[in-house]
$ cat query-v4.cif   # mmCIF, N, CA and C atoms and all ligand atoms
data_upload
#
loop_
_atom_site.label_atom_id
_atom_site.label_comp_id
_atom_site.auth_asym_id
_atom_site.auth_seq_id
_atom_site.Cartn_x
_atom_site.Cartn_y
_atom_site.Cartn_z
N MET J 1 -27.10 -0.36 34.24
CA MET J 1 -26.75 0.95 33.68
C MET J 1 -26.60 0.85 32.15
N THR J 2 -27.26 1.74 31.45
CA THR J 2 -27.19 1.71 29.99
C THR J 2 -26.21 2.76 29.49
N MET J 3 -25.30 2.31 28.65
CA MET J 3 -24.33 3.23 28.07
C MET J 3 -24.81 3.67 26.69
N LEU J 4 -25.01 4.95 26.52
CA LEU J 4 -25.44 5.46 25.22
C LEU J 4 -24.25 6.04 24.46
N THR J 5 -23.30 5.19 24.19
CA THR J 5 -22.12 5.67 23.47
C THR J 5 -22.23 5.31 22.00
N HIS J 6 -21.59 6.11 21.18
CA HIS J 6 -21.52 5.79 19.76
C HIS J 6 -20.45 4.72 19.57
N PRO J 7 -20.66 3.84 18.60
CA PRO J 7 -19.62 2.85 18.33
C PRO J 7 -18.34 3.53 17.85
N ILE J 8 -17.21 3.06 18.34
CA ILE J 8 -15.92 3.62 17.96
C ILE J 8 -15.24 2.69 16.96
N ARG J 9 -14.72 3.28 15.91
CA ARG J 9 -13.99 2.50 14.91
C ARG J 9 -12.60 3.12 14.73
N THR J 10 -11.65 2.30 14.30
CA THR J 10 -10.30 2.79 14.06
C THR J 10 -10.07 2.93 12.56
N CYS J 11 -9.62 4.11 12.14
CA CYS J 11 -9.27 4.33 10.74
C CYS J 11 -8.03 3.50 10.43
N VAL J 12 -8.09 2.68 9.37
CA VAL J 12 -6.95 1.83 9.04
C VAL J 12 -5.83 2.62 8.36
N GLY J 13 -6.13 3.88 8.02
CA GLY J 13 -5.10 4.71 7.40
C GLY J 13 -4.25 5.43 8.42
N CYS J 14 -4.89 6.23 9.29
CA CYS J 14 -4.14 7.03 10.26
C CYS J 14 -4.24 6.48 11.68
N ARG J 15 -4.98 5.37 11.85
CA ARG J 15 -5.11 4.70 13.14
C ARG J 15 -5.86 5.54 14.18
N SER J 16 -6.54 6.60 13.75
CA SER J 16 -7.33 7.39 14.69
C SER J 16 -8.58 6.61 15.11
N ARG J 17 -8.95 6.76 16.35
CA ARG J 17 -10.19 6.16 16.83
C ARG J 17 -11.24 7.25 16.87
N LYS J 18 -12.33 7.01 16.14
CA LYS J 18 -13.38 8.01 16.03
C LYS J 18 -14.74 7.34 16.10
N GLU J 19 -15.78 8.18 16.29
CA GLU J 19 -17.13 7.64 16.23
C GLU J 19 -17.39 7.12 14.81
N GLN J 20 -18.14 6.04 14.76
CA GLN J 20 -18.40 5.37 13.48
C GLN J 20 -18.92 6.33 12.41
N GLN J 21 -19.72 7.30 12.81
CA GLN J 21 -20.33 8.21 11.83
C GLN J 21 -19.29 9.13 11.17
N LEU J 22 -18.11 9.24 11.77
CA LEU J 22 -17.06 10.08 11.20
C LEU J 22 -16.17 9.30 10.24
N LEU J 23 -16.46 8.02 10.12
CA LEU J 23 -15.65 7.17 9.26
C LEU J 23 -16.51 6.55 8.16
N THR J 24 -15.86 6.17 7.07
CA THR J 24 -16.56 5.51 5.97
C THR J 24 -16.07 4.07 5.88
N ARG J 25 -16.99 3.15 5.68
CA ARG J 25 -16.64 1.74 5.62
C ARG J 25 -16.31 1.35 4.18
N TYR J 26 -15.19 0.67 4.01
CA TYR J 26 -14.78 0.21 2.69
C TYR J 26 -14.73 -1.31 2.66
N VAL J 27 -15.19 -1.85 1.55
CA VAL J 27 -15.13 -3.30 1.33
C VAL J 27 -14.38 -3.55 0.02
N PRO J 28 -13.81 -4.74 -0.13
CA PRO J 28 -13.08 -5.02 -1.38
C PRO J 28 -14.04 -5.29 -2.53
N ASN J 29 -13.72 -4.74 -3.71
CA ASN J 29 -14.49 -5.10 -4.90
C ASN J 29 -13.89 -6.36 -5.51
N GLY J 30 -14.30 -6.70 -6.71
CA GLY J 30 -13.89 -7.95 -7.34
C GLY J 30 -12.38 -8.09 -7.50
N VAL J 31 -11.68 -6.96 -7.61
CA VAL J 31 -10.24 -7.03 -7.82
C VAL J 31 -9.47 -6.55 -6.59
N GLY J 32 -10.15 -6.53 -5.44
CA GLY J 32 -9.47 -6.23 -4.18
C GLY J 32 -9.20 -4.76 -3.95
N GLN J 33 -9.91 -3.90 -4.66
CA GLN J 33 -9.74 -2.47 -4.43
C GLN J 33 -10.85 -1.96 -3.51
N PRO J 34 -10.56 -0.96 -2.67
CA PRO J 34 -11.55 -0.50 -1.70
C PRO J 34 -12.70 0.29 -2.33
N VAL J 35 -13.91 -0.08 -1.94
CA VAL J 35 -15.11 0.60 -2.40
C VAL J 35 -15.93 0.97 -1.17
N ALA J 36 -16.36 2.22 -1.09
CA ALA J 36 -17.14 2.67 0.06
C ALA J 36 -18.48 1.97 0.08
N SER J 37 -18.82 1.35 1.20
CA SER J 37 -20.10 0.69 1.33
C SER J 37 -20.41 0.45 2.79
N ARG J 38 -21.56 0.87 3.22
CA ARG J 38 -21.97 0.60 4.59
C ARG J 38 -22.87 -0.63 4.66
N THR J 39 -23.31 -1.11 3.51
CA THR J 39 -24.31 -2.17 3.53
C THR J 39 -23.77 -3.53 3.12
N SER J 40 -22.63 -3.57 2.41
CA SER J 40 -22.10 -4.86 1.98
C SER J 40 -21.75 -5.72 3.19
N SER J 41 -21.98 -7.01 3.03
CA SER J 41 -21.65 -7.94 4.10
C SER J 41 -20.16 -8.22 4.09
N GLY J 42 -19.71 -8.93 5.10
CA GLY J 42 -18.30 -9.29 5.17
C GLY J 42 -17.51 -8.24 5.92
N ARG J 43 -16.22 -8.40 5.87
CA ARG J 43 -15.34 -7.51 6.62
C ARG J 43 -15.26 -6.15 5.96
N GLY J 44 -15.18 -5.12 6.79
CA GLY J 44 -15.02 -3.77 6.28
C GLY J 44 -13.80 -3.13 6.89
N ALA J 45 -13.23 -2.20 6.15
CA ALA J 45 -12.13 -1.39 6.66
C ALA J 45 -12.65 0.03 6.79
N TRP J 46 -12.33 0.67 7.91
CA TRP J 46 -12.86 2.01 8.16
C TRP J 46 -11.81 3.07 7.86
N ILE J 47 -12.25 4.13 7.18
CA ILE J 47 -11.37 5.23 6.77
C ILE J 47 -12.06 6.54 7.13
N CYS J 48 -11.29 7.53 7.57
CA CYS J 48 -11.85 8.85 7.86
C CYS J 48 -12.66 9.34 6.65
N ASN J 49 -13.78 9.96 6.91
CA ASN J 49 -14.65 10.42 5.84
C ASN J 49 -13.90 11.28 4.82
N GLU J 50 -14.03 10.89 3.55
CA GLU J 50 -13.49 11.66 2.43
C GLU J 50 -12.00 11.97 2.57
N SER J 51 -11.27 11.07 3.21
CA SER J 51 -9.84 11.30 3.38
C SER J 51 -9.03 10.49 2.39
N ALA J 52 -8.62 11.14 1.32
CA ALA J 52 -7.76 10.47 0.33
C ALA J 52 -6.42 10.12 0.96
N THR J 53 -5.98 10.94 1.92
CA THR J 53 -4.71 10.69 2.60
C THR J 53 -4.75 9.36 3.34
N CYS J 54 -5.84 9.11 4.04
CA CYS J 54 -5.95 7.88 4.81
C CYS J 54 -6.08 6.67 3.88
N ILE J 55 -6.79 6.83 2.76
CA ILE J 55 -6.90 5.73 1.80
C ILE J 55 -5.53 5.41 1.24
N ALA J 56 -4.77 6.44 0.90
CA ALA J 56 -3.43 6.23 0.36
C ALA J 56 -2.53 5.56 1.38
N ALA J 57 -2.63 6.00 2.63
CA ALA J 57 -1.81 5.42 3.70
C ALA J 57 -2.17 3.95 3.91
N ALA J 58 -3.47 3.66 3.90
CA ALA J 58 -3.93 2.29 4.11
C ALA J 58 -3.50 1.38 2.95
N THR J 59 -3.52 1.93 1.75
CA THR J 59 -3.09 1.16 0.58
C THR J 59 -1.61 0.87 0.66
N LYS J 60 -0.84 1.89 1.03
CA LYS J 60 0.61 1.77 1.10
C LYS J 60 1.05 0.73 2.13
N THR J 61 0.39 0.74 3.28
CA THR J 61 0.77 -0.17 4.36
C THR J 61 0.01 -1.49 4.29
N ARG J 62 -0.79 -1.65 3.23
CA ARG J 62 -1.63 -2.84 3.05
C ARG J 62 -2.56 -3.07 4.25
N ALA J 63 -2.99 -1.98 4.85
CA ALA J 63 -3.91 -2.07 5.99
C ALA J 63 -5.25 -2.63 5.57
N PHE J 64 -5.63 -2.38 4.32
CA PHE J 64 -6.90 -2.93 3.83
C PHE J 64 -6.85 -4.46 3.89
N ASP J 65 -5.75 -5.02 3.45
CA ASP J 65 -5.62 -6.48 3.44
C ASP J 65 -5.71 -7.04 4.84
N ARG J 66 -5.09 -6.34 5.79
CA ARG J 66 -5.14 -6.81 7.18
C ARG J 66 -6.58 -6.73 7.69
N ALA J 67 -7.28 -5.65 7.35
CA ALA J 67 -8.65 -5.48 7.81
C ALA J 67 -9.57 -6.52 7.18
N TRP J 68 -9.30 -6.82 5.91
CA TRP J 68 -10.17 -7.76 5.20
C TRP J 68 -9.72 -9.20 5.36
N LYS J 69 -8.53 -9.40 5.90
CA LYS J 69 -7.96 -10.75 6.02
C LYS J 69 -7.80 -11.39 4.64
N THR J 70 -7.37 -10.60 3.68
CA THR J 70 -7.19 -11.14 2.34
C THR J 70 -5.71 -11.29 2.02
N GLN J 71 -5.45 -12.20 1.12
CA GLN J 71 -4.09 -12.34 0.59
C GLN J 71 -4.08 -11.62 -0.75
N SER J 72 -3.28 -10.61 -0.86
CA SER J 72 -3.34 -9.79 -2.06
C SER J 72 -2.13 -10.03 -2.96
N SER J 73 -1.81 -11.30 -3.17
CA SER J 73 -0.65 -11.60 -4.00
C SER J 73 -0.82 -11.03 -5.40
N THR J 74 -2.06 -11.06 -5.89
CA THR J 74 -2.31 -10.52 -7.23
C THR J 74 -2.05 -9.02 -7.26
N ARG J 75 -2.55 -8.34 -6.23
CA ARG J 75 -2.41 -6.89 -6.20
C ARG J 75 -0.96 -6.49 -5.93
N GLN J 76 -0.26 -7.27 -5.09
CA GLN J 76 1.15 -6.98 -4.84
C GLN J 76 1.94 -7.13 -6.13
N ALA J 77 1.62 -8.17 -6.89
CA ALA J 77 2.30 -8.39 -8.17
C ALA J 77 2.03 -7.21 -9.09
N LEU J 78 0.79 -6.73 -9.06
CA LEU J 78 0.40 -5.59 -9.89
C LEU J 78 1.18 -4.35 -9.46
N ALA J 79 1.29 -4.14 -8.12
CA ALA J 79 2.00 -2.98 -7.61
C ALA J 79 3.47 -3.01 -8.02
N ILE J 80 4.06 -4.21 -7.99
CA ILE J 80 5.46 -4.35 -8.41
C ILE J 80 5.59 -4.01 -9.89
N LYS J 81 4.63 -4.48 -10.66
CA LYS J 81 4.62 -4.22 -12.10
C LYS J 81 4.53 -2.71 -12.35
N ILE J 82 3.64 -2.04 -11.61
CA ILE J 82 3.45 -0.60 -11.78
C ILE J 82 4.74 0.14 -11.42
N SER J 83 5.36 -0.23 -10.29
CA SER J 83 6.56 0.49 -9.88
C SER J 83 7.70 0.26 -10.88
N THR J 84 7.75 -0.95 -11.43
CA THR J 84 8.76 -1.25 -12.45
C THR J 84 8.53 -0.37 -13.68
N THR J 85 7.27 -0.28 -14.07
CA THR J 85 6.90 0.55 -15.23
C THR J 85 7.29 2.01 -14.98
N ARG J 86 7.04 2.47 -13.74
CA ARG J 86 7.38 3.85 -13.40
C ARG J 86 8.88 4.08 -13.52
N GLN J 87 9.64 3.11 -13.01
CA GLN J 87 11.11 3.26 -13.07
C GLN J 87 11.58 3.32 -14.51
N LEU J 88 10.98 2.47 -15.36
CA LEU J 88 11.35 2.45 -16.78
C LEU J 88 11.00 3.79 -17.43
N THR J 89 9.80 4.30 -17.06
CA THR J 89 9.34 5.57 -17.60
C THR J 89 10.28 6.69 -17.18
N ARG J 90 10.66 6.65 -15.88
CA ARG J 90 11.54 7.69 -15.34
C ARG J 90 12.92 7.61 -16.02
N ALA J 91 13.38 6.38 -16.22
CA ALA J 91 14.69 6.19 -16.83
C ALA J 91 14.72 6.69 -18.26
N ALA J 92 13.54 6.60 -18.92
CA ALA J 92 13.47 7.00 -20.31
C ALA J 92 13.47 8.52 -20.47
N GLN J 93 13.10 9.21 -19.36
CA GLN J 93 13.03 10.68 -19.44
C GLN J 93 14.39 11.29 -19.09
N PRO J 94 14.71 12.43 -19.69
CA PRO J 94 16.00 13.08 -19.41
C PRO J 94 16.08 13.63 -17.99
ZN ZN K 1 -7.81 8.39 9.03
#
$ encode --input "query-v4.cif" --output "structure tokens"
Amino acid sequence: MTMLTHPIRTCVGCRSRKEQQLLTRYVPNGVGQPVASRTSSGRGAWICNESATCIAAATKTRAFDRAWKTQSSTRQALAIKISTTRQLTRAAQP
């Protein structure tokens, strides 16, 4: 028996399971940020098509790192630096 089903992928942002065509594949660029690519080799993370919400959620929960199996110590350090800068900026404002 032949099954003619579409491949199912899970969005790493909202954890929805959808047909592959409804999701966009992201791969890490040189600095570990997600870039949409269906052709790059290596591990990909799937995100709902054109969903900034899912990208933000995946970034926040570091779901990209889990999908890519990467250690993002550099990016975590950067995120800490950014949040510190934000706090300083906020503190400086009335
Ligand atoms: Zn999603």
$ residues_near_ligand --input "query-v4.cif" --ligand "ligand ZN 1 (chain K)" --cutoff "10 Å" --atoms "only C-alpha atoms and all ligand atoms" --output "ChimeraX atom specification"
/J:10-18,22-24,46-58
$ residues_around --input "query-v4.cif" --residues "Lys69 of chain J" --least-positions-apart "4" --cutoff "10 Å" --atoms "only C-alpha atoms" --output "ChimeraX atom specification"
/J:43-44,63-65
$ residues_around --input "query-v4.cif" --residues "Pro7 of chain J" --least-positions-apart "5" --cutoff "9 Å" --atoms "only C-alpha atoms" --output "JSON, numbers by chain"
{"J": [18, 19, 20, 21]}
$ atom_distance --input "query-v4.cif" --atom1 "atom CA of Arg66 of chain J" --atom2 "atom CA of Ala45 of chain J"
8.9 Å
$ atom_distance --input "query-v4.cif" --atom1 "atom C of Val27 of chain J" --atom2 "atom N of His6 of chain J"
24.4 Å
$ atom_distance --input "query-v4.cif" --atom1 "atom CA of Pro34 of chain J" --atom2 "atom N of Arg9 of chain J"
18.3 Å
